[in-house]
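Everything on this sheet refers to the single structure shown next.
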Amino acid sequence: MAKAAQHPQADPELDRLTAQAPLLRQQLLDWWDVHGRRRIDQKPWMFTAEGRWPQSGEELCCLSVWVAEVMLQQTQLPVMLPYWQRWLQALPSLEALQAAEERQVLLLWQGLGYYARARRLQQGARRLAGTAQRHGLSPWPRTLAGWMELPGLGRSTAASILSSAFDRPEAILDGNVRRVLARLTACPLPPARQLAAFWRLSEALLDPLRPRVFNQALMDLGATVCTPRQPSCSACPWSAACAAYAAGDPARYPVKEAPRTVPFQVIGVGVVLDGAGRVLIDQRLEEGLLGGLWEFPGGKQEEGEAITATIARELAEELAIRVEVGEELIQLEHAYSHKRLRFVVHLCRWLAGEPQPLACQQVRWVEPADLDAYPFPAANTRIIAALRQWLERANDSSPGALPAGGGATAA
Ligand code: SF4
């Protein structure tokens with residue numbers, strides 16, 4: 001009775017798997033010994049400075065682990081690996097990270113998306129270094145609460161850092177682990193509604209003697225065997241215990257939330273060139289998904305508005321400049337979790353008005369060759385490539401050419 005009162009959503013599947021925990025633990029560790037991602041080129045932050053897999057309880061470089069775990073929050077391992085290598089080469093210490101210019105931090109992150117993660121890493125470094133300086137202690141927290149005080153770190157990332165860096169017995173519940181547990185239990189609800197139960201199961205399964213290896217094995221199982229679309233159940237060490245496998249359709253799990261309608265917007269973007277061939281860029285305000293990044297100016301198309309009129313209007317409203325909107329340079333689509341965007345990009349000729357940062361942090365005329373020194377969102381890097389191709393073609397046919405006019409203008 002006491003147990004039921006403590007866990008009102010107690011679940012027979014949870015009890016069944018908890019009772020099998022010692023066996024499941026051993027099966028997973030045996031599988032990982034043979035099939036786990038345990039080469040240094042796969043997860044270099046999991047190795048000692050001498051290039052060894054750490055012994056039980058041996059500590060690893062916490063900075064390397066922390067950066068890797070934050071990069072892995074929304075990015076798969078093969079994609080984030082080169083970013084992690086570049087980041088650690090450029091910013092190899094807490095001191096280097098806290099002292100770096102924000103532009104360098106964002107440039108190192110450029111292409112990974114969710115740029116708030118990069119800014120929060122630097123904010124976290126400043127906080128950790130400050131605390132260590134004040135108290136003369138190691139900067140690295142040894143508790144979940146200590147890590148979760150840092151911006152952008154939830155329980156699972158904090159637990160993963162502690163188990164990876166210090167071999168501490170902390171259960172994890174990232175997206176891969178949720179999927180595995182949802183299938184093991186054939187959970188009839190979307191995982192987000194069963195988090196408390198999944199945390200209990202992850203805690204029950206965790207090997208208290210080899211927590212680092214166990215958590216790595218659990219993540220590897222989710223990433224390489226119990227994959228989102230086509231789980232390889234015949235290769236899975238847990239198939240005998242898996243309720244979704246027994247039910248015959250494991251890919252049906254995790255059960256999904258009812259689909260939301262995602263709003264769609266068209267954004268008119270102006271690539272504005274002046275008489276000297278310089279291009280106009282602006283830096284977004286700090287808040288929001290892409291805060292602090294640079295971009296080509298523009299804004300939302302209003303209902304019934306021609307896209308050339310949108311661009312001319314937005315540039316007048318946001319930068320107080322008058323432009324002649326010329327030919328289309330490129331169109332691109334970009335999907336975020338909460339909206340889909342189509343960018344319609346036109347070349348523009350600057351006519352009048354000193355650019356003012358009315359809706360951004362700052363605005364700057366730059367040489368096209370210098371654009372790489374500014375961190376841009378992924379969609380804008382394709383605009384830069386299109387602009388460079390256009391400039392090459394224009395220079396080949398008519399050196400010093402600027403975009404032809406003929407579109408809308410705005411005062
Ligand atoms: S048996 Fe299949 S569905 Fe179940 S945990 Fe293993 S891979 Fe995932």
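Each chain of the structure tokens is named A, B, ... in the order shown, its residues numbered from 1; ligands are numbered from 1 in display order.
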Pick out the residues no farther than 6 Å from ligand 1, counting only C-alpha atoms and all ligand atoms, and list them as a count of residues only.
-> 15
Select from stretch 124-160 of chain A everything DSSP, run on the backbone, classes as alpha helix (DSSP H), then give the selection as a CSV table (one decimal) with C-alpha atoms, in the first residue's frame.
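Heads up, here's the output in states.csv:
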```
chain,number,residue,atom,x,y,z
A,124,GLY,CA,28.1,28.4,-17.7
A,125,ALA,CA,31.9,28.6,-18.0
A,126,ARG,CA,31.8,32.2,-16.6
A,127,ARG,CA,29.7,31.0,-13.7
A,128,LEU,CA,31.9,28.0,-12.9
A,129,ALA,CA,35.1,29.9,-13.2
A,130,GLY,CA,33.7,32.7,-11.0
A,131,THR,CA,32.7,30.2,-8.3
A,132,ALA,CA,36.0,28.4,-8.4
A,133,GLN,CA,37.9,31.7,-8.1
A,134,ARG,CA,35.9,32.9,-5.1
A,135,HIS,CA,36.2,29.6,-3.2
A,144,LEU,CA,23.1,16.9,-10.2
A,145,ALA,CA,21.9,20.1,-8.5
A,146,GLY,CA,25.3,21.8,-9.2
A,147,TRP,CA,25.1,21.1,-12.9
A,148,MET,CA,21.4,21.8,-13.2
A,155,ARG,CA,18.5,16.4,-15.4
A,156,SER,CA,19.5,14.0,-18.1
A,157,THR,CA,22.4,16.0,-19.5
A,158,ALA,CA,23.6,16.7,-16.0
A,159,ALA,CA,23.4,13.0,-15.1
A,160,SER,CA,25.2,12.1,-18.3
```
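You will find atom CA of A:Pro368 at 9.4 Å from atom CA of A:Leu280.
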Residues at most 12 Å from stretch 189-196 of chain A, counting only C-alpha atoms, excluding those fewer than 3 positions away in the same chain, as number ranges by chain?
-> A: 6-11, 14, 155-156, 172-183, 185-186, 199-203, 252-259
Mind checking which residues fall within 8 Å of A:Glu367, counting only C-alpha atoms, ignoring those fewer than 3 positions away in the same chain, and posting them as a list in words?
-> Gly277, Arg278, Val279, Asp370 and Leu371 of chain A
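Atom CA of A:Arg364 is positioned 18.1 Å from atom CA of A:Leu290.
Closest approach to A:Gly36 from the set A:Gln110, A:Gln216, A:Thr310, A:Ala165 is made by A:Gln216, with distances taken over only C-alpha atoms.
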Within 12 Å of A:Arg322, counting only C-alpha atoms, which residues qualify if same-chain residues fewer than 5 places away don't, as JSON, numbers by chain?
-> {"A": [270, 272, 273, 274, 309, 311, 312, 313, 314, 315, 316, 317, 348, 349, 350, 351, 352, 353, 354, 355, 356, 408, 409, 410, 411]}
Resulting file, chosen residues, C-alpha atoms, as an mmCIF file, in the first residue's frame:
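Result written to selection.cif:
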```
data_model
loop_
_atom_site.group_PDB
_atom_site.id
_atom_site.type_symbol
_atom_site.label_atom_id
_atom_site.label_comp_id
_atom_site.auth_asym_id
_atom_site.auth_seq_id
_atom_site.Cartn_x
_atom_site.Cartn_y
_atom_site.Cartn_z
ATOM 1 C CA GLY A 270 17.132 41.620 -49.204
ATOM 2 C CA VAL A 272 21.591 44.856 -50.375
ATOM 3 C CA LEU A 273 24.696 45.965 -52.270
ATOM 4 C CA ASP A 274 26.055 49.493 -52.238
ATOM 5 C CA ALA A 309 7.123 45.062 -51.719
ATOM 6 C CA ILE A 311 11.455 43.414 -48.864
ATOM 7 C CA ALA A 312 11.324 47.124 -49.631
ATOM 8 C CA ARG A 313 8.936 47.735 -46.717
ATOM 9 C CA GLU A 314 10.917 45.655 -44.197
ATOM 10 C CA LEU A 315 14.189 47.353 -45.080
ATOM 11 C CA ALA A 316 12.567 50.757 -44.726
ATOM 12 C CA GLU A 317 10.935 49.857 -41.398
ATOM 13 C CA CYS A 348 18.749 44.935 -53.895
ATOM 14 C CA ARG A 349 20.465 48.143 -54.854
ATOM 15 C CA TRP A 350 20.904 50.617 -52.000
ATOM 16 C CA LEU A 351 19.480 53.998 -52.967
ATOM 17 C CA ALA A 352 19.357 56.200 -49.889
ATOM 18 C CA GLY A 353 19.402 56.354 -46.093
ATOM 19 C CA GLU A 354 22.178 55.550 -43.619
ATOM 20 C CA PRO A 355 21.299 52.064 -42.251
ATOM 21 C CA GLN A 356 19.951 52.294 -38.671
ATOM 22 C CA ALA A 408 9.674 47.855 -55.611
ATOM 23 C CA THR A 409 11.225 50.716 -53.693
ATOM 24 C CA ALA A 410 10.237 52.243 -50.383
ATOM 25 C CA ALA A 411 11.095 55.471 -48.690
#
```
